[in-house]
2 protein chains.
Amino acid sequence: MTAPPHEARPPGAGRALPDTQRGMRRRNLARVLHAVSAEGSLSRAAVAARIGLTRAAVSTLVDELIRWGLLEELGPERPGRVGRPGSALAVSGRGPAGIGAEIGVDHLAVCAVDLRGAVRARAVRHTANRGRAPGPVVGELTELVRHVVAEAEREALRPAGLAVAVPGLVARDGRTVVRAPNLDWHDTDLAPLLPADWPLTVDNEANFGALAELWLGAGTPRDFLHVSAEIGIGAAVVVDGGLLRGTRGFAGELGHVPVRPDGPPCPCGGRGCLEQYAGEEAVLRAAGLAPREDPVGLLAGRAEQGDASVRAALRDAGTALGIALTGAANLLDPETVVLGGALAGLSPWLLPSLETELRDRTAGPPCPVTVSGLGSEGPLLGAAHSVIRGVLDDPAAVVHG
Amino acid sequence: MTAPPHEARPPGAGRALPDTQRGMRRRNLARVLHAVSAEGSLSRAAVAARIGLTRAAVSTLVDELIRWGLLEELGPERPGRVGRPGSALAVSGRGPAGIGAEIGVDHLAVCAVDLRGAVRARAVRHTANRGRAPGPVVGELTELVRHVVAEAEREALRPAGLAVAVPGLVARDGRTVVRAPNLDWHDTDLAPLLPADWPLTVDNEANFGALAELWLGAGTPRDFLHVSAEIGIGAAVVVDGGLLRGTRGFAGELGHVPVRPDGPPCPCGGRGCLEQYAGEEAVLRAAGLAPREDPVGLLAGRAEQGDASVRAALRDAGTALGIALTGAANLLDPETVVLGGALAGLSPWLLPSLETELRDRTAGPPCPVTVSGLGSEGPLLGAAHSVIRGVLDDPAAVVHG
């Protein structure tokens, strides 16, 4: 009756494929593709051993995946092995591509990632999007998407989906930006503004950043809290390898956790929210600096040079983060906290005070804090890879819809 | 590519039964049993329609469940229907029983619940357990368990498992109490102290309380935060109908979320934790009352009579709860917060200030707060029902192990 510590779910199970013969076949196709993808290349026999199906069953599945252009044969394995030489399999570098896009406050970015995880095309444009209407911004993004897709198609890739990261709260419909304060967008359905050529997902940039950390980070656990900052402070909660989204899709609003309940008022209506101490604007203000472009570069540069007021501002931001993260760690018991986005670049000056708070306020060992290696690339990569994951999790859907 | 709002998983899928023919059969047995259980009684044809299998397939599964003593036939349905009369099925009231047990700071309790969810035997003993060693306490609990089991067996029930609720943090092994400050137990493996006759699960009382709310509460959603209080303050996070346990099994420690970071020191090592404002002892202290038995009854009685200092203490506790819950709601985006345990009885005096904080500190509509109807019975019922759920989720395991 004792539940196992982590109830492992097979790849593809997240999609809740129907529990029928056909559903089982679809899940097994996903298992084969995941197994080859995880290893880079693998023989049919090795796939069979890994996923616990017979060699014959695996061969049928592999043939199907080759026919669909998702797997390819690399040619016979090097000789010297016992038995009939097997042909090594690899996921195709010419099949489906994931198109990731990012709407930032001061930039737009798009990339195409192939099934192997390689970025095959990329475009970035610096534009001041704050206060611009959604139409023109998404129009400009669409130009970049068309450009990247054309480049990908020249390399025999075909887009399997488009995923767009936005700096705001997104409804669980996966298309409506409910609130993006730093763009001043409210209840904006992005679907009619984007090309209808491919399946679309819109999500919060912190969520895509956390998924990138989960899929691409070195040694990232399956339970962690990912905290990032651009203008606001965003967080994403990953539980057992999946995002905790919340009822409305708004989970992870760490920026509005009260840190000092009688502190300065926040535009959210509250007082003393974390964002009032550790958001970019709050840190600039505390350091006596005016808002400007690339605040992270400015703060990191000044801190590096030993600027006492910048260092004090970052130390105080670290303290506020430590207080908010103590509460979050008590509620969620994550394996680690990962600092991503702008926080990664500022971590040398944030971490000491942050870790002091966590340690002093925790009975037993405090939650470890690590720094993301992906930094500001996370959301864009996470978006593109979410499409690729969709293909790996249910390859039959790409072919049959 | 857009993910559905709630990725529904079939009953039994939580156990990750192997994705094979046999696994599929086991999941279908669970579906049949769940369908009948949910409706009270159902014909074979109605089961088939509900779970989307053929009438023939369902009949084979039903026959198996009847042979195992998990389903029974109620006799032919009332005439007048078209076609051959079907026999209505019901889950058995004489098959497996769930044995729930609770170790409280001032009491021990045990009950037996049948597959239909009825409490069939029950025993409670008031004892002061604070500071007592685990051996004698669990010895006394075992006496009660044997007594309740004997009573259940006289009614042709057979225990399918024992689930024990404790007021402390339990490791993910489901048997070790890592820390129960109000009992003064540390790293105590309860398994060797309890009868080995049945599968055992030990869990935090807040977790079992939340599960009871999920399974037995009227209209409880599948995403909520359950907050209860005895001596400490416990919470449990339910996401998509399952408990969020955390890496070590410690998730839900709302009592140590910092509310006022420079507030009074807490035994956990922190300062200004929620428990310092809204724990029973803190509320008694703020009201100028000495610690004593049944503090909730005392506080509720005095508040009812209009005692100003008690009302002020409860109002301030509500404010502190509101601050901590604002943070929790921002992080988790639950559909509701449910006040259970002692907080349910005190809710008339806690709720006004609690809801004011939530409303004033939230952009958009605040998270709704409801009061549990189960009160202090929740953990015991949740424990017993967790065993019953285990049977419904994988009936074959009860028979074949």
# chains A, B, ... in the order shown; residues from 1 in each chain; ligands from 1
$ residues_around --residues "Ala150 of chain A" --least-positions-apart "2" --cutoff "12 Å" --atoms "only C-alpha atoms" --output "MDAnalysis selection string"
chainID A and resid 97 99 111:112 120:123 143:148 152:159
$ closest_residue --among "B:Ile323, B:Leu169, B:Val164, B:Ala300" --to "Pro379 of chain B" --atoms "only C-alpha atoms"
B:Val164
$ closest_residue --among "B:Arg292, B:His385, B:Arg248, B:Arg125" --to "chain A" --atoms "only C-alpha atoms"
B:Arg248
$ closest_residue --among "B:Arg222, B:Arg116, B:Arg67, B:Arg302" --to "chain A" --atoms "only C-alpha atoms"
B:Arg222
$ residues_around --residues "Asp223 of chain A" --least-positions-apart "2" --cutoff "8 Å" --atoms "only C-alpha atoms" --output "ChimeraX atom specification"
/A:221,225,237-241,334-336 /B:246-247
$ write_last_selection --atoms "all heavy atoms" --output "compact mmCIF listing (two decimals), in the first residue's frame"
# COMPACT_ATOMS: atom_id res chain seq x y z
N PRO A 221 17.03 18.44 -11.28
CA PRO A 221 16.12 17.41 -10.74
C PRO A 221 14.72 17.56 -11.33
O PRO A 221 14.46 18.50 -12.10
CB PRO A 221 16.10 17.71 -9.25
CG PRO A 221 16.38 19.16 -9.14
CD PRO A 221 17.29 19.50 -10.30
N LEU A 225 12.02 24.69 -8.09
CA LEU A 225 11.36 25.98 -8.25
C LEU A 225 12.31 26.83 -9.08
O LEU A 225 13.48 26.99 -8.73
CB LEU A 225 11.14 26.60 -6.88
CG LEU A 225 10.50 27.98 -6.83
CD1 LEU A 225 9.08 27.94 -7.36
CD2 LEU A 225 10.49 28.49 -5.39
N VAL A 237 6.92 26.36 -11.00
CA VAL A 237 7.04 25.23 -10.09
C VAL A 237 7.02 23.96 -10.92
O VAL A 237 6.06 23.71 -11.65
CB VAL A 237 5.86 25.22 -9.10
CG1 VAL A 237 6.00 24.08 -8.11
CG2 VAL A 237 5.74 26.56 -8.38
N VAL A 238 8.08 23.17 -10.85
CA VAL A 238 8.13 21.90 -11.58
C VAL A 238 8.01 20.77 -10.56
O VAL A 238 8.76 20.71 -9.59
CB VAL A 238 9.44 21.77 -12.38
CG1 VAL A 238 9.51 20.40 -13.05
CG2 VAL A 238 9.53 22.87 -13.43
N VAL A 239 7.00 19.93 -10.76
CA VAL A 239 6.73 18.82 -9.85
C VAL A 239 6.76 17.52 -10.65
O VAL A 239 6.03 17.39 -11.63
CB VAL A 239 5.35 18.98 -9.17
CG1 VAL A 239 5.05 17.78 -8.29
CG2 VAL A 239 5.30 20.26 -8.36
N ASP A 240 7.61 16.62 -10.26
CA ASP A 240 7.72 15.33 -10.93
C ASP A 240 7.85 15.48 -12.45
O ASP A 240 7.21 14.78 -13.22
CB ASP A 240 6.50 14.46 -10.58
CG ASP A 240 6.78 12.98 -10.87
OD1 ASP A 240 7.95 12.61 -11.04
OD2 ASP A 240 5.81 12.21 -10.96
N GLY A 241 8.67 16.44 -12.85
CA GLY A 241 8.96 16.62 -14.27
C GLY A 241 7.88 17.32 -15.07
O GLY A 241 7.93 17.35 -16.29
N PRO A 334 10.80 21.74 -2.65
CA PRO A 334 11.45 21.38 -3.91
C PRO A 334 12.85 20.81 -3.64
O PRO A 334 13.39 20.98 -2.55
CB PRO A 334 11.57 22.72 -4.64
CG PRO A 334 11.67 23.73 -3.54
CD PRO A 334 10.85 23.18 -2.38
N GLU A 335 13.39 20.12 -4.64
CA GLU A 335 14.74 19.58 -4.45
C GLU A 335 15.77 20.70 -4.54
O GLU A 335 16.77 20.68 -3.81
CB GLU A 335 15.01 18.49 -5.50
CG GLU A 335 16.21 17.65 -5.16
CD GLU A 335 16.28 16.38 -6.02
OE1 GLU A 335 15.23 15.87 -6.44
OE2 GLU A 335 17.40 15.91 -6.26
N THR A 336 15.56 21.67 -5.42
CA THR A 336 16.43 22.85 -5.49
C THR A 336 15.61 24.05 -5.93
O THR A 336 14.50 23.92 -6.45
CB THR A 336 17.55 22.71 -6.57
OG1 THR A 336 16.92 22.53 -7.83
CG2 THR A 336 18.49 21.57 -6.29
N GLY B 246 6.20 16.93 -2.31
CA GLY B 246 7.52 17.51 -2.15
C GLY B 246 8.60 16.44 -2.19
O GLY B 246 8.32 15.25 -2.06
N THR B 247 9.83 16.90 -2.38
CA THR B 247 10.96 15.99 -2.56
C THR B 247 11.12 15.04 -1.39
O THR B 247 11.33 13.84 -1.55
CB THR B 247 12.25 16.81 -2.71
OG1 THR B 247 12.11 17.65 -3.84
CG2 THR B 247 13.45 15.91 -2.90
